[in-house]
file structure-v7.tsv (TSV, C-alpha atoms (C1' of nucleotides))
chain	number	residue	atom	x	y	z
A	1129	MET	CA	31.19	15.60	24.09
A	1130	LYS	CA	28.74	17.43	21.91
A	1131	ALA	CA	29.46	17.64	18.20
A	1132	SER	CA	29.99	21.19	16.92
A	1133	PRO	CA	27.88	22.60	14.07
A	1134	ALA	CA	31.00	22.44	11.91
A	1135	GLU	CA	31.44	18.73	12.59
A	1136	ILE	CA	27.79	18.05	11.87
A	1137	THR	CA	28.05	20.06	8.67
A	1138	ASP	CA	30.99	17.92	7.60
A	1139	ILE	CA	29.12	14.71	8.19
A	1140	LEU	CA	26.20	15.94	6.11
A	1141	ARG	CA	28.47	17.14	3.26
A	1142	CYS	CA	30.35	13.82	3.27
A	1143	HIS	CA	27.07	12.11	2.51
A	1144	GLY	CA	26.05	14.57	-0.18
A	1145	VAL	CA	23.46	16.30	1.98
A	1146	ASN	CA	23.13	20.06	1.82
A	1147	PRO	CA	23.60	21.29	5.41
A	1148	SER	CA	20.60	23.49	6.12
A	1149	SER	CA	20.07	24.79	9.64
A	1150	GLN	CA	17.15	22.42	10.15
A	1151	ARG	CA	19.19	19.42	9.06
A	1152	ILE	CA	22.07	20.42	11.32
A	1153	ALA	CA	19.69	20.78	14.24
A	1154	ILE	CA	18.05	17.41	13.62
A	1155	LEU	CA	21.28	15.48	13.15
A	1156	GLY	CA	22.86	17.32	16.08
A	1157	TYR	CA	19.91	16.34	18.24
A	1158	LEU	CA	20.30	12.68	17.30
A	1159	MET	CA	24.04	12.75	17.91
A	1160	GLN	CA	23.73	13.90	21.49
A	1161	THR	CA	21.08	11.47	22.70
A	1162	ARG	CA	20.93	7.73	23.27
A	1163	GLU	CA	17.16	7.85	23.80
A	1164	HIS	CA	16.11	6.64	20.32
A	1165	PRO	CA	13.53	9.40	19.88
A	1166	THR	CA	10.56	9.37	17.53
A	1167	ALA	CA	10.11	11.98	14.82
A	1168	ASP	CA	7.49	13.72	16.90
A	1169	CYS	CA	9.71	13.76	19.96
A	1170	ILE	CA	12.51	15.35	17.95
A	1171	TYR	CA	10.07	17.88	16.56
A	1172	ARG	CA	8.73	18.86	19.97
A	1173	ASP	CA	12.18	19.20	21.52
A	1174	LEU	CA	13.62	21.27	18.69
A	1175	LEU	CA	10.63	23.59	18.54
A	1176	ALA	CA	11.93	25.53	21.54
A	1177	ASP	CA	15.04	26.57	19.65
A	1178	LYS	CA	13.54	26.78	16.18
A	1179	PRO	CA	9.94	27.96	16.49
A	1180	THR	CA	9.29	27.88	12.75
A	1181	LEU	CA	10.30	24.25	12.35
A	1182	SER	CA	7.63	22.07	10.79
A	1183	ARG	CA	6.81	18.44	11.38
A	1184	THR	CA	7.04	17.74	7.66
A	1185	THR	CA	10.65	18.92	7.61
A	1186	VAL	CA	11.51	16.62	10.49
A	1187	TYR	CA	9.97	13.64	8.74
A	1188	SER	CA	11.54	14.39	5.37
A	1189	THR	CA	14.95	15.09	6.87
A	1190	LEU	CA	14.88	11.85	8.83
A	1191	ASN	CA	13.94	9.92	5.69
A	1192	LEU	CA	16.78	11.62	3.87
A	1193	LEU	CA	19.31	10.81	6.59
A	1194	VAL	CA	18.18	7.19	6.75
A	1195	ASP	CA	18.33	6.83	2.96
A	1196	CYS	CA	21.89	8.06	2.79
A	1197	GLY	CA	22.92	5.97	5.77
A	1198	VAL	CA	23.77	8.71	8.26
A	1199	VAL	CA	21.20	7.61	10.82
A	1200	SER	CA	19.38	4.34	11.25
A	1201	ALA	CA	15.72	3.63	11.80
A	1202	VAL	CA	14.75	1.56	14.81
A	1203	ASP	CA	11.54	-0.40	14.20
A	1204	VAL	CA	11.41	-2.28	17.44
A	1205	ASP	CA	7.68	-2.51	17.89
A	1206	GLY	CA	4.65	-1.63	15.81
A	1207	GLU	CA	4.56	1.86	17.29
A	1208	SER	CA	6.21	4.96	15.88
A	1209	ARG	CA	9.53	4.57	14.20
A	1210	ARG	CA	12.51	5.67	16.28
A	1211	TYR	CA	15.84	7.05	15.13
A	1212	ASP	CA	19.40	6.36	16.13
A	1213	TYR	CA	22.81	7.83	15.32
A	1214	PRO	CA	24.90	4.68	15.70
A	1215	LEU	CA	28.40	5.59	16.83
A	1216	THR	CA	29.35	1.92	16.95
A	1217	PRO	CA	27.39	-1.16	15.86
A	1218	HIS	CA	25.06	-2.33	18.57
A	1219	ALA	CA	21.83	-4.23	19.17
A	1220	HIS	CA	18.70	-2.88	20.86
A	1221	PHE	CA	16.85	-3.99	23.93
A	1222	HIS	CA	13.16	-3.04	23.97
A	1223	CYS	CA	11.55	-2.98	27.40
A	1224	THR	CA	7.96	-4.11	27.12
A	1225	GLY	CA	7.25	-2.45	30.46
A	1226	CYS	CA	8.37	1.16	30.03
A	1227	GLN	CA	8.78	0.97	26.22
A	1228	LYS	CA	12.27	2.41	26.41
A	1229	VAL	CA	14.97	1.22	24.02
A	1230	PHE	CA	18.48	0.54	25.28
A	1231	ASP	CA	21.72	-0.02	23.40
A	1232	VAL	CA	23.26	-3.43	24.07
A	1233	ASP	CA	26.17	-5.36	22.60
A	1234	MET	CA	25.81	-6.73	19.10
A	1235	PRO	CA	26.29	-10.50	19.35
A	1236	VAL	CA	29.26	-11.83	17.38
A	1237	GLY	CA	28.66	-13.79	14.22
A	1238	VAL	CA	25.28	-12.29	13.36
A	1239	GLU	CA	26.54	-10.58	10.24
A	1240	SER	CA	28.19	-13.68	8.87
A	1241	VAL	CA	25.15	-15.94	8.85
A	1242	MET	CA	24.52	-18.05	5.77
A	1243	LEU	CA	21.78	-16.47	3.67
A	1244	PRO	CA	20.04	-18.22	0.77
A	1245	GLN	CA	21.89	-18.20	-2.54
A	1246	GLY	CA	21.65	-14.79	-4.21
A	1247	PHE	CA	20.51	-12.88	-1.14
A	1248	THR	CA	22.73	-10.06	0.07
A	1249	ALA	CA	22.20	-8.16	3.32
A	1250	LYS	CA	23.05	-4.49	3.50
A	1251	SER	CA	22.25	-4.13	7.18
A	1252	THR	CA	21.31	-6.21	10.17
A	1253	SER	CA	19.11	-5.41	13.15
A	1254	VAL	CA	18.97	-7.35	16.38
A	1255	TYR	CA	16.24	-6.68	18.93
A	1256	TYR	CA	15.79	-8.15	22.37
A	1257	HIS	CA	12.39	-7.84	24.01
A	1258	GLY	CA	11.86	-8.13	27.74
A	1259	PHE	CA	12.01	-6.17	30.95
A	1260	CYS	CA	14.72	-3.67	31.80
A	1261	ARG	CA	16.19	-3.53	35.29
A	1262	ASP	CA	13.80	-0.89	36.61
A	1263	CYS	CA	10.69	-2.65	35.30
A	1264	MET	CA	11.97	-6.00	36.54
A	1265	GLU	CA	12.21	-4.66	40.10
A	1266	ASN	CA	8.72	-3.18	40.12
B	874	MET	CA	0.77	-30.80	5.91
B	875	LYS	CA	-2.12	-28.63	6.95
B	876	ALA	CA	-3.06	-28.61	10.63
B	877	SER	CA	-6.55	-29.93	11.37
B	878	PRO	CA	-9.12	-27.87	13.25
B	879	ALA	CA	-8.69	-30.24	16.16
B	880	GLU	CA	-4.96	-29.62	16.30
B	881	ILE	CA	-5.46	-25.87	16.09
B	882	THR	CA	-8.06	-26.09	18.84
B	883	ASP	CA	-5.56	-27.91	21.01
B	884	ILE	CA	-2.90	-25.27	20.50
B	885	LEU	CA	-5.33	-22.54	21.47
B	886	ARG	CA	-6.56	-24.41	24.56
B	887	CYS	CA	-2.98	-25.10	25.65
B	888	HIS	CA	-2.43	-21.38	25.79
B	889	GLY	CA	-5.65	-20.63	27.61
B	890	VAL	CA	-7.43	-19.24	24.57
B	891	ASN	CA	-11.05	-20.11	23.96
B	892	PRO	CA	-11.20	-21.70	20.50
B	893	SER	CA	-13.87	-19.77	18.62
B	894	SER	CA	-14.35	-20.42	14.94
B	895	GLN	CA	-12.76	-17.08	14.06
B	896	ARG	CA	-9.70	-17.77	16.16
B	897	ILE	CA	-9.32	-21.21	14.64
B	898	ALA	CA	-9.55	-19.74	11.16
B	899	ILE	CA	-7.00	-17.02	11.88
B	900	LEU	CA	-4.46	-19.30	13.55
B	901	GLY	CA	-5.02	-21.95	10.88
B	902	TYR	CA	-4.35	-19.39	8.21
B	903	LEU	CA	-1.07	-18.38	9.84
B	904	MET	CA	0.00	-21.99	10.28
B	905	GLN	CA	-0.24	-22.81	6.60
B	906	THR	CA	1.63	-19.84	5.17
B	907	ARG	CA	5.21	-18.60	5.25
B	908	GLU	CA	4.23	-15.28	3.69
B	909	HIS	CA	4.21	-13.20	6.91
B	910	PRO	CA	0.85	-11.61	6.15
B	911	THR	CA	-0.49	-8.35	7.55
B	912	ALA	CA	-3.72	-8.21	9.53
B	913	ASP	CA	-5.52	-6.76	6.56
B	914	CYS	CA	-4.21	-9.46	4.25
B	915	ILE	CA	-5.46	-12.16	6.65
B	916	TYR	CA	-8.80	-10.41	6.85
B	917	ARG	CA	-9.22	-10.21	3.08
B	918	ASP	CA	-8.24	-13.82	2.51
B	919	LEU	CA	-10.49	-15.21	5.21
B	920	LEU	CA	-13.48	-13.17	4.13
B	921	ALA	CA	-14.20	-15.62	1.29
B	922	ASP	CA	-14.82	-18.42	3.78
B	923	LYS	CA	-16.26	-16.35	6.61
B	924	PRO	CA	-18.24	-13.48	5.11
B	925	THR	CA	-19.27	-12.06	8.49
B	926	LEU	CA	-15.72	-11.76	9.79
B	927	SER	CA	-14.78	-8.28	10.91
B	928	ARG	CA	-11.46	-6.51	10.76
B	929	THR	CA	-11.68	-5.70	14.45
B	930	THR	CA	-11.85	-9.40	15.27
B	931	VAL	CA	-8.76	-10.09	13.20
B	932	TYR	CA	-6.82	-7.35	14.95
B	933	SER	CA	-7.95	-8.32	18.43
B	934	THR	CA	-7.33	-12.01	17.81
B	935	LEU	CA	-3.83	-11.34	16.53
B	936	ASN	CA	-3.08	-9.20	19.58
B	937	LEU	CA	-4.38	-11.99	21.77
B	938	LEU	CA	-2.27	-14.63	20.03
B	939	VAL	CA	0.85	-12.48	20.21
B	940	ASP	CA	0.27	-11.71	23.88
B	941	CYS	CA	0.01	-15.36	24.79
B	942	GLY	CA	2.99	-16.29	22.65
B	943	VAL	CA	1.29	-18.45	20.04
B	944	VAL	CA	2.27	-16.26	17.11
B	945	SER	CA	4.94	-13.64	16.79
B	946	ALA	CA	4.78	-10.14	15.41
B	947	VAL	CA	7.21	-9.21	12.67
B	948	ASP	CA	8.04	-5.51	12.75
B	949	VAL	CA	10.58	-5.43	10.01
B	950	ASP	CA	9.94	-1.97	8.63
B	951	GLY	CA	7.80	0.97	9.60
B	952	GLU	CA	4.88	-0.37	7.55
B	953	SER	CA	2.07	-2.59	8.74
B	954	ARG	CA	2.87	-5.22	11.31
B	955	ARG	CA	3.16	-8.74	9.94
B	956	TYR	CA	2.45	-12.02	11.69
B	957	ASP	CA	4.27	-15.31	11.83
B	958	TYR	CA	3.60	-18.76	13.25
B	959	PRO	CA	7.18	-19.81	14.04
B	960	LEU	CA	7.49	-23.57	13.75
B	961	THR	CA	11.18	-23.32	14.52
B	962	PRO	CA	13.27	-20.33	15.59
B	963	HIS	CA	14.44	-18.32	12.60
B	964	ALA	CA	15.52	-14.87	11.53
B	965	HIS	CA	13.90	-12.72	8.84
B	966	PHE	CA	15.25	-11.27	5.65
B	967	HIS	CA	13.44	-8.15	4.46
B	968	CYS	CA	13.83	-7.36	0.78
B	969	THR	CA	13.92	-3.60	0.32
B	970	GLY	CA	13.05	-4.12	-3.34
B	971	CYS	CA	9.86	-6.21	-3.32
B	972	GLN	CA	9.16	-5.77	0.42
B	973	LYS	CA	8.76	-9.52	0.91
B	974	VAL	CA	9.93	-11.17	4.10
B	975	PHE	CA	11.80	-14.47	3.96
B	976	ASP	CA	12.66	-16.93	6.71
B	977	VAL	CA	16.39	-17.42	7.13
B	978	ASP	CA	18.57	-19.25	9.66
B	979	MET	CA	18.84	-17.78	13.13
B	980	PRO	CA	22.55	-17.13	13.72
B	981	VAL	CA	24.05	-19.08	16.61
B	982	GLY	CA	24.89	-17.29	19.82
B	983	VAL	CA	22.40	-14.46	19.45
B	984	GLU	CA	20.31	-15.59	22.37
B	985	SER	CA	23.26	-15.90	24.73
B	986	VAL	CA	24.56	-12.37	24.40
B	987	MET	CA	25.54	-10.55	27.57
B	988	LEU	CA	22.80	-8.09	28.54
B	989	PRO	CA	23.22	-5.37	31.18
B	990	GLN	CA	22.81	-6.47	34.78
B	991	GLY	CA	19.14	-7.01	35.62
B	992	PHE	CA	17.89	-7.11	32.04
B	993	THR	CA	16.14	-10.27	30.91
B	994	ALA	CA	15.10	-10.98	27.33
B	995	LYS	CA	11.94	-12.94	26.65
B	996	SER	CA	12.39	-13.00	22.89
B	997	THR	CA	14.90	-12.06	20.23
B	998	SER	CA	14.36	-10.81	16.70
B	999	VAL	CA	16.98	-10.70	13.99
B	1000	TYR	CA	16.30	-8.88	10.73
B	1001	TYR	CA	18.48	-8.69	7.64
B	1002	HIS	CA	17.72	-5.93	5.13
B	1003	GLY	CA	18.82	-6.11	1.53
B	1004	PHE	CA	17.85	-7.50	-1.85
B	1005	CYS	CA	16.44	-10.96	-2.41
B	1006	ARG	CA	17.59	-13.06	-5.35
B	1007	ASP	CA	14.86	-11.92	-7.72
B	1008	CYS	CA	15.35	-8.24	-6.96
B	1009	MET	CA	19.12	-8.64	-7.19
B	1010	GLU	CA	18.85	-9.98	-10.72
B	1011	ASN	CA	16.56	-7.20	-11.95
C	54	DA	C1'	-35.43	-27.38	26.35
C	55	DA	C1'	-35.28	-22.70	28.54
C	56	DT	C1'	-32.59	-19.29	31.02
C	57	DT	C1'	-28.91	-16.53	31.58
C	58	DA	C1'	-24.43	-14.38	32.30
C	59	DA	C1'	-20.06	-14.01	30.33
C	60	DA	C1'	-17.34	-13.98	26.39
C	61	DA	C1'	-16.72	-13.03	21.70
C	62	DC	C1'	-17.85	-10.64	17.65
C	63	DT	C1'	-19.26	-6.83	14.68
C	64	DG	C1'	-19.38	-2.21	12.60
C	65	DT	C1'	-18.68	2.50	13.09
C	66	DA	C1'	-16.18	6.22	14.73
C	67	DA	C1'	-12.01	7.96	16.34
C	68	DT	C1'	-7.01	8.21	16.69
C	69	DT	C1'	-2.35	8.39	15.19
C	70	DA	C1'	1.79	8.19	12.30
C	71	DG	C1'	3.25	9.46	8.28
C	72	DT	C1'	2.96	11.38	3.34
C	73	DA	C1'	1.41	14.37	-0.69
C	74	DC	C1'	1.33	18.58	-2.39
C	75	DA	C1'	1.13	23.41	-3.40
C	76	DA	C1'	2.74	27.73	-1.82
C	77	DT	C1'	6.40	30.27	0.32
C	78	DT	C1'	11.08	31.15	1.67
C	79	DC	C1'	15.86	30.60	1.40
C	80	DT	C1'	20.37	30.15	-0.87
C	81	DG	C1'	24.08	30.77	-3.72
C	82	DA	C1'	25.69	31.39	-8.36
C	83	DA	C1'	25.73	34.48	-12.38
D	385	DT	C1'	20.59	42.43	-7.95
D	386	DT	C1'	18.41	38.73	-10.20
D	387	DC	C1'	16.88	34.32	-10.52
D	388	DA	C1'	16.48	29.31	-10.54
D	389	DG	C1'	16.69	25.38	-7.76
D	390	DA	C1'	16.48	23.56	-3.27
D	391	DA	C1'	14.48	23.47	1.10
D	392	DT	C1'	10.85	24.46	4.20
D	393	DT	C1'	6.21	25.12	5.67
D	394	DG	C1'	1.32	24.16	6.61
D	395	DT	C1'	-2.72	21.91	5.29
D	396	DA	C1'	-5.08	18.13	3.64
D	397	DC	C1'	-5.04	13.46	3.11
D	398	DT	C1'	-4.22	8.35	3.70
D	399	DA	C1'	-3.59	4.12	6.01
D	400	DA	C1'	-3.06	1.24	10.14
D	401	DT	C1'	-4.90	0.40	14.31
D	402	DT	C1'	-7.83	0.95	18.40
D	403	DA	C1'	-12.06	2.33	21.22
D	404	DC	C1'	-16.48	1.46	22.04
D	405	DA	C1'	-21.26	0.28	22.18
D	406	DG	C1'	-24.54	-2.87	20.58
D	407	DT	C1'	-25.42	-7.64	19.08
D	408	DT	C1'	-24.60	-12.47	18.83
D	409	DT	C1'	-22.75	-16.67	20.47
D	410	DT	C1'	-21.43	-19.96	23.88
D	411	DA	C1'	-21.82	-22.91	27.53
D	412	DA	C1'	-23.25	-23.81	32.10
D	413	DT	C1'	-27.34	-24.43	34.98
D	414	DT	C1'	-31.88	-25.17	35.91
call {"tool": "encode", "arguments": {"input": "structure-v7.tsv", "output": "structure tokens"}}
result
Amino acid sequence: MKASPAEITDILRCHGVNPSSQRIAILGYLMQTREHPTADCIYRDLLADKPTLSRTTVYSTLNLLVDCGVVSAVDVDGESRRYDYPLTPHAHFHCTGCQKVFDVDMPVGVESVMLPQGFTAKSTSVYYHGFCRDCMEN
Amino acid sequence: MKASPAEITDILRCHGVNPSSQRIAILGYLMQTREHPTADCIYRDLLADKPTLSRTTVYSTLNLLVDCGVVSAVDVDGESRRYDYPLTPHAHFHCTGCQKVFDVDMPVGVESVMLPQGFTAKSTSVYYHGFCRDCMEN
DNA sequence: AATTAAAACTGTAATTAGTACAATTCTGAA
DNA sequence: TTCAGAATTGTACTAATTACAGTTTTAATT
């Protein structure tokens, strides 16, 4: 089910973000994919619908959305940063063959690990690296 | 305790890597720090001892060592890749204030999570993001 | 010790992701 | 309708990393 512009607008407003048409398009794009796209990938795909969109807007909007916690950044390898609208908490599997990123279960207990005195974690990322099914078979 | 050149040579040979003086210096550097340095940081620090060292060699050596599993890459944010000689398995805490990376305990059970059918993980990374003690206090 | 082929190293040039910034456009309140 | 602030745009720039060609080193063989 695809989120309506009104729903996307609400999410933005809830986080104190002014809902411009570009921001709605970018967040909407992230909400309807599980592909963990890069900024450039988002830019290229949205260009068809919004021919005046600029790369700078995509980058700055993504930074804004990450800063206010609406979307999360996926830094799974040293390559381009990817972005994720996390419906539910999950971990990521990075296939070193095809470079795709898959959502997998978040292991239990990760969030409650003992950190050194005085350290407080605001978020946790778990990445598995290996071969996905398709790459395993070939 | 600092590893001797002979010990470093052994580690390299065990992994099928020809122990050149540059490779010994780079691996030795990583073995005696817990700072998770970037390639450029390693380059700058080693330059004092090896004035003819080139950045390209540092990058290619690090790629080589990561590929053969001697050192691990730490991609904790979108910035430069960092490198780690992991004596024992551990997770990483990334301070969003000072940008330092700290070793912390690896939570139990992370490695035994249920992955989708046909997926096999070769390695696992766990990153916590937040404020370290010093940044918390200031 | 001399020869030599392969491997490793070096330095420069190129590539790529991402940011800075100034100019333009949009928006919504007065 | 006016206008100020916010958002967007496009270009120029920076920084991390890689490609590549030429040089040096290594180590085996004669």
call {"tool": "interface_residues", "arguments": {"input": "structure-v7.tsv", "of": "chain D", "to": "chain A", "cutoff": "8 Å", "atoms": "all atoms listed in the file", "output": "PyMOL selection string"}}
result
chain D and resi 391-394
call {"tool": "residues_around", "arguments": {"input": "structure-v7.tsv", "residues": "Pro989 (chain B)", "least_positions_apart": "6", "cutoff": "9 Å", "atoms": "all atoms listed in the file", "output": "list of chain:residue names"}}
result
A:Val1232, A:Cys1260, A:Arg1261
call {"tool": "write_last_selection", "arguments": {"input": "structure-v7.tsv", "atoms": "C-alpha atoms", "output": "tab-separated table (two decimals), in the coordinates of the input"}}
result
chain	number	residue	atom	x	y	z
A	1232	VAL	CA	23.26	-3.43	24.07
A	1260	CYS	CA	14.72	-3.67	31.80
A	1261	ARG	CA	16.19	-3.53	35.29
call {"tool": "atom_distance", "arguments": {"input": "structure-v7.tsv", "atom1": "CA of Met987 (chain B)", "atom2": "CA of Thr1216 (chain A)"}}
result
16.8 Å
call {"tool": "interface_residues", "arguments": {"input": "structure-v7.tsv", "of": "chain A", "to": "chain B", "cutoff": "9 Å", "atoms": "all atoms listed in the file", "output": "VMD selection string"}}
result
chain A and resid 1201 to 1209 1221 to 1223 1232 to 1262 1264 to 1265
call {"tool": "atom_distance", "arguments": {"input": "structure-v7.tsv", "atom1": "CA of Leu900 (chain B)", "atom2": "CA of Ile881 (chain B)"}}
result
7.1 Å
call {"tool": "interface_residues", "arguments": {"input": "structure-v7.tsv", "of": "chain C", "to": "chain B", "cutoff": "12 Å", "atoms": "all atoms listed in the file", "output": "JSON, numbers by chain"}}
result
{"C": [60, 61, 62, 63, 64, 65, 70, 71]}
call {"tool": "calpha_fit_rmsd", "arguments": {"input": "structure-v7.tsv", "fixed": "chain B", "moving": "chain A"}}
result
0.1 Å
call {"tool": "residues_around", "arguments": {"input": "structure-v7.tsv", "residues": "DT57 (chain C)", "least_positions_apart": "4", "cutoff": "12 Å", "atoms": "only C-alpha atoms (C1' of nucleotides)", "output": "list in words"}}
result
DT410, DA411, DA412, DT413 and DT414 of chain D
call {"tool": "atom_distance", "arguments": {"input": "structure-v7.tsv", "atom1": "CA of Asp913 (chain B)", "atom2": "CA of Gln1227 (chain A)"}}
result
25.5 Å
call {"tool": "residues_around", "arguments": {"input": "structure-v7.tsv", "residues": "Leu1140 (chain A)", "least_positions_apart": "4", "cutoff": "9 Å", "atoms": "only C-alpha atoms (C1' of nucleotides)", "output": "count of residues only"}}
result
11
call {"tool": "residues_around", "arguments": {"input": "structure-v7.tsv", "residues": "Tyr1211 (chain A)", "least_positions_apart": "6", "cutoff": "8 Å", "atoms": "all atoms listed in the file", "output": "PyMOL selection string"}}
result
chain A and resi 1158+1164-1167+1190+1199-1202
call {"tool": "closest_atom_pairs", "arguments": {"input": "structure-v7.tsv", "of": "region 63-82 of chain C", "to": "region 397-402 of chain D", "cutoff": "9 Å", "atoms": "only C-alpha atoms (C1' of nucleotides)", "output": "JSON lines"}}
result
{"residue": "C:DA67", "atom": "C1'", "partner": "D:DT402", "partner_atom": "C1'", "distance": 8.4}
{"residue": "C:DT68", "atom": "C1'", "partner": "D:DT402", "partner_atom": "C1'", "distance": 7.5}
{"residue": "C:DT69", "atom": "C1'", "partner": "D:DT401", "partner_atom": "C1'", "distance": 8.4}
{"residue": "C:DA70", "atom": "C1'", "partner": "D:DA400", "partner_atom": "C1'", "distance": 8.7}
{"residue": "C:DG71", "atom": "C1'", "partner": "D:DT398", "partner_atom": "C1'", "distance": 8.8}
{"residue": "C:DT72", "atom": "C1'", "partner": "D:DT398", "partner_atom": "C1'", "distance": 7.8}
{"residue": "C:DA73", "atom": "C1'", "partner": "D:DC397", "partner_atom": "C1'", "distance": 7.5}
